[in-house]
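Enquirer: Sending over target-v2.csv (CSV, C-alpha atoms and all ligand atoms).
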chain,number,residue,atom,x,y,z
X,586,MET,CA,26.9,13.2,-84.3
X,587,MET,CA,28.9,12.7,-81.1
X,588,GLY,CA,28.2,13.9,-77.6
X,589,PRO,CA,26.8,12.5,-74.3
X,590,PRO,CA,23.2,11.4,-73.9
X,591,GLY,CA,21.0,14.5,-73.8
X,592,SER,CA,23.6,16.8,-75.5
X,593,GLY,CA,21.1,17.4,-78.3
X,594,LYS,CA,22.4,15.0,-81.0
X,595,GLY,CA,18.9,14.1,-82.1
X,596,THR,CA,17.7,17.7,-82.4
X,597,CYS,CA,20.9,18.7,-84.3
X,598,ALA,CA,20.8,15.7,-86.6
X,599,ARG,CA,17.2,16.4,-87.6
X,600,ILE,CA,18.2,20.0,-88.5
X,601,ILE,CA,21.1,18.8,-90.5
X,602,SER,CA,18.9,16.3,-92.3
X,603,LYS,CA,16.4,19.1,-93.2
X,604,ILE,CA,19.1,21.5,-94.4
X,605,TYR,CA,21.0,19.0,-96.6
X,606,GLY,CA,18.1,16.7,-97.6
X,607,ILE,CA,19.8,13.6,-96.3
X,608,PRO,CA,18.4,10.8,-94.0
X,609,HIS,CA,18.8,11.1,-90.2
X,610,ILE,CA,19.7,7.6,-89.0
X,611,THR,CA,19.1,7.3,-85.2
X,612,THR,CA,20.4,4.0,-83.9
X,613,GLY,CA,18.4,4.4,-80.6
X,614,ASP,CA,15.1,4.6,-82.7
X,615,LEU,CA,16.0,1.6,-84.8
X,616,LEU,CA,16.8,-0.3,-81.6
X,617,ARG,CA,13.6,0.9,-79.9
X,618,GLU,CA,11.7,-0.6,-82.9
X,619,VAL,CA,13.5,-4.0,-82.4
X,620,ALA,CA,12.8,-3.7,-78.6
X,621,SER,CA,9.1,-3.4,-79.2
X,622,GLU,CA,9.0,-6.9,-81.0
X,623,GLU,CA,7.7,-9.7,-78.9
X,624,THR,CA,10.6,-12.0,-79.9
X,625,GLU,CA,13.6,-13.2,-78.0
X,626,ARG,CA,15.8,-10.6,-79.7
X,627,GLY,CA,13.2,-7.9,-78.9
X,628,ARG,CA,13.2,-8.8,-75.2
X,629,MET,CA,17.0,-9.0,-75.0
X,630,VAL,CA,17.4,-5.6,-76.7
X,631,ARG,CA,14.7,-4.1,-74.4
X,632,GLY,CA,16.7,-5.3,-71.3
X,633,TYR,CA,19.9,-3.6,-72.3
X,634,MET,CA,18.1,-0.4,-73.2
X,635,GLU,CA,16.1,-0.3,-69.9
X,636,ARG,CA,19.4,-0.7,-68.0
X,637,GLY,CA,21.1,2.0,-70.0
X,638,GLU,CA,23.7,-0.5,-71.3
X,639,LEU,CA,25.0,-0.7,-74.8
X,640,VAL,CA,23.2,-3.3,-76.9
X,641,PRO,CA,25.7,-6.0,-78.1
X,642,ASP,CA,27.7,-5.0,-81.2
X,643,GLU,CA,26.6,-7.9,-83.4
X,644,ILE,CA,23.0,-6.8,-83.2
X,645,VAL,CA,23.7,-3.0,-83.6
X,646,ILE,CA,26.2,-3.4,-86.4
X,647,GLY,CA,23.9,-5.8,-88.4
X,648,ILE,CA,21.0,-3.2,-88.1
X,649,MET,CA,23.3,-0.3,-89.2
X,650,GLU,CA,24.7,-2.3,-92.1
X,651,GLU,CA,21.2,-3.0,-93.4
X,652,ARG,CA,20.1,0.6,-92.9
X,653,LEU,CA,23.1,2.1,-94.6
X,654,SER,CA,22.7,-0.2,-97.6
X,655,ARG,CA,19.3,1.4,-98.5
X,656,PRO,CA,19.2,3.7,-101.6
X,657,ASP,CA,18.3,6.8,-99.6
X,658,CYS,CA,21.8,6.8,-98.1
X,659,GLU,CA,23.5,7.2,-101.5
X,660,GLY,CA,23.7,11.0,-101.3
X,661,GLY,CA,25.0,11.0,-97.7
X,662,PHE,CA,23.4,10.6,-94.2
X,663,VAL,CA,23.8,11.8,-90.7
X,664,LEU,CA,24.5,9.2,-88.0
X,665,ASP,CA,23.0,9.8,-84.5
X,666,GLY,CA,24.0,7.4,-81.8
X,667,PHE,CA,26.5,5.3,-83.8
X,668,PRO,CA,29.3,4.4,-83.4
X,669,ARG,CA,29.4,4.2,-79.6
X,670,ASN,CA,32.5,2.0,-79.0
X,671,LEU,CA,35.7,1.0,-80.8
X,672,GLY,CA,34.3,-2.2,-82.3
X,673,GLN,CA,31.4,-0.2,-83.9
X,674,ALA,CA,33.8,2.5,-85.1
X,675,GLU,CA,35.9,-0.2,-86.9
X,676,ALA,CA,32.7,-1.8,-88.3
X,677,LEU,CA,31.6,1.7,-89.6
X,678,ASP,CA,35.0,2.1,-91.3
X,679,ARG,CA,34.5,-1.3,-93.0
X,680,ILE,CA,30.9,-0.5,-94.1
X,681,LEU,CA,31.9,2.9,-95.5
X,682,GLU,CA,34.9,1.4,-97.3
X,683,GLY,CA,32.6,-1.2,-98.9
X,684,LYS,CA,30.4,1.7,-100.2
X,685,GLY,CA,33.4,3.7,-101.4
X,686,VAL,CA,32.7,6.6,-99.1
X,687,SER,CA,34.2,8.1,-95.9
X,688,LEU,CA,33.1,10.3,-93.0
X,689,THR,CA,33.4,14.0,-93.8
X,690,HIS,CA,32.6,15.4,-90.3
X,691,VAL,CA,32.3,14.3,-86.8
X,692,LEU,CA,30.2,17.0,-85.0
X,693,ASN,CA,30.8,16.9,-81.3
X,694,LEU,CA,28.2,18.6,-79.0
X,695,VAL,CA,29.8,19.9,-75.8
X,696,VAL,CA,27.6,20.3,-72.7
X,697,GLY,CA,28.0,19.8,-68.9
X,698,ASP,CA,26.6,16.9,-66.9
X,699,ASP,CA,24.3,19.2,-64.8
X,700,VAL,CA,22.6,20.5,-67.9
X,701,ILE,CA,22.2,16.9,-69.3
X,702,ILE,CA,20.5,15.6,-66.2
X,703,SER,CA,18.0,18.5,-65.8
X,704,ARG,CA,17.4,18.4,-69.6
X,705,LEU,CA,16.6,14.7,-69.9
X,706,SER,CA,14.2,14.8,-67.0
X,707,LEU,CA,12.1,17.4,-69.0
X,708,ARG,CA,12.6,15.6,-72.4
X,709,ARG,CA,9.5,14.2,-74.1
X,710,SER,CA,9.6,12.2,-77.4
X,711,CYS,CA,7.1,11.3,-80.0
X,712,PRO,CA,6.8,7.5,-80.1
X,713,ARG,CA,5.4,7.7,-83.7
X,714,CYS,CA,7.7,10.1,-85.6
X,715,GLY,CA,10.7,10.6,-83.3
X,716,ALA,CA,10.3,14.3,-82.7
X,717,VAL,CA,11.9,15.5,-79.5
X,718,TYR,CA,10.7,18.3,-77.2
X,719,HIS,CA,11.8,19.9,-73.9
X,720,LEU,CA,8.9,21.0,-71.7
X,721,LYS,CA,10.6,24.3,-70.9
X,722,ASN,CA,12.9,25.2,-73.8
X,723,ASN,CA,11.1,23.7,-76.7
X,724,PRO,CA,7.6,22.8,-75.7
X,725,PRO,CA,5.0,21.3,-78.1
X,726,ARG,CA,2.3,23.8,-79.1
X,727,ARG,CA,-0.4,21.6,-77.4
X,728,ASP,CA,0.3,20.0,-74.1
X,729,GLU,CA,2.1,16.7,-74.4
X,730,VAL,CA,1.0,16.3,-78.1
X,731,CYS,CA,3.5,16.1,-81.0
X,732,ASP,CA,3.4,19.2,-83.3
X,733,GLU,CA,4.5,17.1,-86.3
X,734,CYS,CA,2.1,14.2,-86.2
X,735,GLY,CA,-0.3,14.6,-83.3
X,736,ALA,CA,0.7,11.5,-81.3
X,737,LYS,CA,0.8,11.7,-77.5
X,738,LEU,CA,4.3,12.4,-76.3
X,739,VAL,CA,6.1,10.1,-73.8
X,740,GLN,CA,9.0,10.2,-71.4
X,741,ARG,CA,11.5,7.5,-72.3
X,742,SER,CA,11.9,5.0,-69.5
X,743,ASP,CA,15.7,5.3,-69.7
X,744,ASP,CA,15.4,9.1,-69.1
X,745,ARG,CA,15.0,8.5,-65.4
X,746,GLU,CA,17.7,10.0,-63.3
X,747,GLU,CA,19.5,6.9,-62.1
X,748,ILE,CA,19.6,5.4,-65.6
X,749,VAL,CA,20.8,8.7,-67.1
X,750,ARG,CA,23.7,8.6,-64.6
X,751,HIS,CA,24.6,5.1,-65.8
X,752,ARG,CA,24.3,6.1,-69.5
X,753,LEU,CA,26.7,9.0,-68.8
X,754,GLU,CA,29.2,6.5,-67.2
X,755,VAL,CA,28.9,4.2,-70.3
X,756,TYR,CA,29.5,7.3,-72.5
X,757,GLU,CA,32.6,8.3,-70.6
X,758,GLU,CA,34.1,4.8,-70.7
X,759,LYS,CA,33.2,3.5,-74.1
X,760,THR,CA,32.2,6.4,-76.4
X,761,ARG,CA,34.2,9.5,-75.5
X,762,PRO,CA,37.5,7.7,-76.3
X,763,LEU,CA,36.4,7.6,-80.0
X,764,LEU,CA,36.7,11.3,-80.2
X,765,GLU,CA,40.5,10.9,-80.0
X,766,ARG,CA,40.5,8.6,-83.0
X,767,TYR,CA,38.4,11.0,-85.0
X,768,ARG,CA,40.5,14.0,-83.9
X,769,ARG,CA,43.6,12.3,-85.2
X,770,ALA,CA,41.8,11.9,-88.5
X,771,GLY,CA,41.1,15.7,-88.5
X,772,LEU,CA,37.3,15.1,-88.6
X,773,VAL,CA,36.1,16.6,-85.3
X,774,ARG,CA,34.2,19.9,-85.1
X,775,GLU,CA,33.0,21.2,-81.8
X,776,MET,CA,29.7,22.9,-81.2
X,777,SER,CA,27.9,24.0,-78.1
X,778,GLY,CA,25.0,21.6,-77.2
X,779,ASP,CA,23.4,24.4,-75.3
X,780,LEU,CA,22.3,26.8,-78.0
X,781,PRO,CA,18.7,28.1,-78.3
X,782,ILE,CA,16.9,25.9,-80.9
X,783,ASP,CA,16.5,28.8,-83.4
X,784,GLU,CA,20.3,29.4,-83.5
X,785,ILE,CA,21.2,25.8,-84.3
X,786,PRO,CA,20.7,25.9,-88.1
X,787,GLU,CA,23.0,28.8,-88.5
X,788,ALA,CA,25.6,27.3,-86.1
X,789,VAL,CA,25.5,24.0,-87.9
X,790,ARG,CA,26.0,25.6,-91.3
X,791,ARG,CA,28.9,27.7,-89.9
X,792,VAL,CA,30.6,24.6,-88.4
X,793,LEU,CA,30.0,22.2,-91.3
X,794,GLU,CA,30.8,24.6,-94.1
X,795,SER,CA,33.9,26.1,-92.6
X,796,GLY,CA,36.1,23.4,-94.1
F,801,LIG,P1,19.9,7.0,-77.5
F,801,LIG,O1,18.5,7.2,-77.9
F,801,LIG,O2,20.9,7.2,-78.6
F,801,LIG,O3,20.3,7.7,-76.2
F,801,LIG,O4,20.1,5.4,-77.2
F,801,LIG,C1,19.2,4.8,-76.2
F,801,LIG,C2,19.8,3.4,-75.8
F,801,LIG,O5,19.8,2.6,-77.0
F,801,LIG,C3,21.2,3.4,-75.3
F,801,LIG,O6,21.2,3.6,-73.9
F,801,LIG,C4,21.6,2.0,-75.6
F,801,LIG,O7,21.0,1.0,-74.8
F,801,LIG,C5,21.0,1.8,-77.0
F,801,LIG,N1,21.9,2.2,-78.1
F,801,LIG,C6,21.7,3.3,-78.9
F,801,LIG,N2,22.7,3.3,-79.8
F,801,LIG,C7,23.5,2.3,-79.5
F,801,LIG,C8,24.7,1.8,-80.1
F,801,LIG,N3,25.3,2.4,-81.1
F,801,LIG,N4,25.3,0.7,-79.6
F,801,LIG,C9,24.7,0.0,-78.5
F,801,LIG,N5,23.6,0.4,-78.0
F,801,LIG,C10,23.0,1.5,-78.5
Rewrite the structure from the file as structure tokens, please.
Ligand code: AMP

Expert:
Amino acid sequence: MMGPPGSGKGTCARIISKIYGIPHITTGDLLREVASEETERGRMVRGYMERGELVPDEIVIGIMEERLSRPDCEGGFVLDGFPRNLGQAEALDRILEGKGVSLTHVLNLVVGDDVIISRLSLRRSCPRCGAVYHLKNNPPRRDEVCDECGAKLVQRSDDREEIVRHRLEVYEEKTRPLLERYRRAGLVREMSGDLPIDEIPEAVRRVLESG
């Protein structure tokens, strides 16, 4: 999945994971787990995330290498939030080559900055199972409680407006240029990041199965 923060990568990746029965690998969630550890590494990762900066490659790549080596990835997987810069894209190529597989699609979600900022301020996430809600467009059935697992929903501290603006700058500078690389490889499919939630499964199928 590619697209700026708040473009709907997580929602879309969860749907792809359900349709095709493959794991949804969210780098942000894996890093939030590390950030909750009371270790030097945990504190360092937490600092980068709270500022909306990319966590250093050596940490992220190590975590992804370990995650992708697990047996549930053997039948395919959907990556959400990785790679986010050139060093990570090169590392991903190496990891996939080692596994004898390659990327089949890069699904790019297209959405404007104004939508992103208003959307992230209304986003609530489940700290236990990772489900994502929008208080207006996709609210939980019970106020602030996760439909899937019953945990109390939270607003991510990096979803505050000034941090979101910085995350968008980081995206423009470091991540968007990767699209060119994947376009040259013929892998990129564009999809609107602003579809009503019940239209996403059909749109995903159309985009991924049209060759
Ligand atoms: P996300 O949940 O994907 O928006 O990611 C939240 C935060 O986690 C980002 O602002 C970064 O601080 C960190 N992060 C997530 N994915 C990566 C990555 N691939 N490389 C470096 N930092 C990342």

Enquirer: Compute the set of protein, DNA and RNA residues whose minimum atom distance to ligand LIG 801 (chain F) is at most 7 Å, using all atoms listed in the file, and state it as an MDAnalysis selection string.

Expert: chainID X and resid 590 611:614 616 633:634 637:642 645 665:669 752

Enquirer: Show me as a count of residues only the residues that reach within 10 Å of (24.1, 2.0, -89.9), counting all atoms listed in the file and using the file's own coordinates.

Expert: 28

Enquirer: Quick check, in Å to one decimal: how far apart do CA of Leu793 (chain X) and CA of Arg761 (chain X) lie?

Expert: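 Going from CA of Leu793 (chain X) over to CA of Arg761 (chain X), I get 20.7 Å.
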
Enquirer: Between CA of Asp657 (chain X) and CA of Pro608 (chain X), measure the distance and give it in Å to one decimal.

Expert: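 CA of Pro608 (chain X) lies 6.9 Å from CA of Asp657 (chain X).
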
Enquirer: Kindly indicate which residue among X:Leu705, X:Gly661, X:Asp728, X:Gly672 lies nearest to Lys684 (chain X), using all atoms listed in the file for the distances.

Expert: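 Checking each of X:Leu705, X:Gly661, X:Asp728, X:Gly672 against Lys684 (chain X), counting all atoms listed in the file, the winner is X:Gly661.
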
Enquirer: Which residue is closest to Gly771 (chain X)? Choose from X:Glu675, X:Leu692, X:Asp698, X:Arg727 and count all atoms listed in the file.

Expert: X:Leu692

Enquirer: So the first atom is CA of Arg709 (chain X) and the second is CA of Leu738 (chain X); what is the distance between them in Å, to one decimal place?

Expert: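 Separation between CA of Arg709 (chain X) and CA of Leu738 (chain X): 5.9 Å.
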
Enquirer: List as an MDAnalysis selection string the protein and nucleic acid residues near region 739-750 of chain X, meaning an atom at most 9 Å away when only C-alpha atoms are counted, but skip any in the same chain fewer than 6 places from it.

Expert: chainID X and resid 590:591 634:637 701:703 705:712 729

Enquirer: Could you pull the residues within 12 Å of Met776 (chain X), counting all atoms listed in the file, minus those fewer than 3 positions along the same chain, as a ChimeraX atom specification?

Expert: /X:586-588,592-594,597,691-696,773,779-780,784-793

Enquirer: Tell me which of X:Ile600, X:Leu763, X:Cys731, X:Ala770 sits closest to His719 (chain X), counting all atoms listed in the file.

Expert: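 The shortest atom-to-atom distance to His719 (chain X) comes from X:Cys731.
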
Enquirer: From the list X:Asp732, X:Glu659, X:Gly697, X:Arg631, which residue is nearest Gly685 (chain X) when using all atoms listed in the file?

Expert: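 The answer is X:Glu659, which sits nearest to Gly685 (chain X).
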
Enquirer: Of the candidates X:Met629, X:Ala736, X:Val717, X:Val700, which shows the shortest atom-to-atom distance to Arg599 (chain X), using all atoms listed in the file?

Expert: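 Among X:Met629, X:Ala736, X:Val717, X:Val700, it is X:Val717 that comes nearest to Arg599 (chain X).
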
Enquirer: Compare X:Arg726, X:Arg713, X:Ser621, X:Gly778 by their minimum atom-to-atom distance to Gly595 (chain X), counting all atoms listed in the file, and give me the closest one.

Expert: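 Smallest distance to Gly595 (chain X) is found for X:Gly778.
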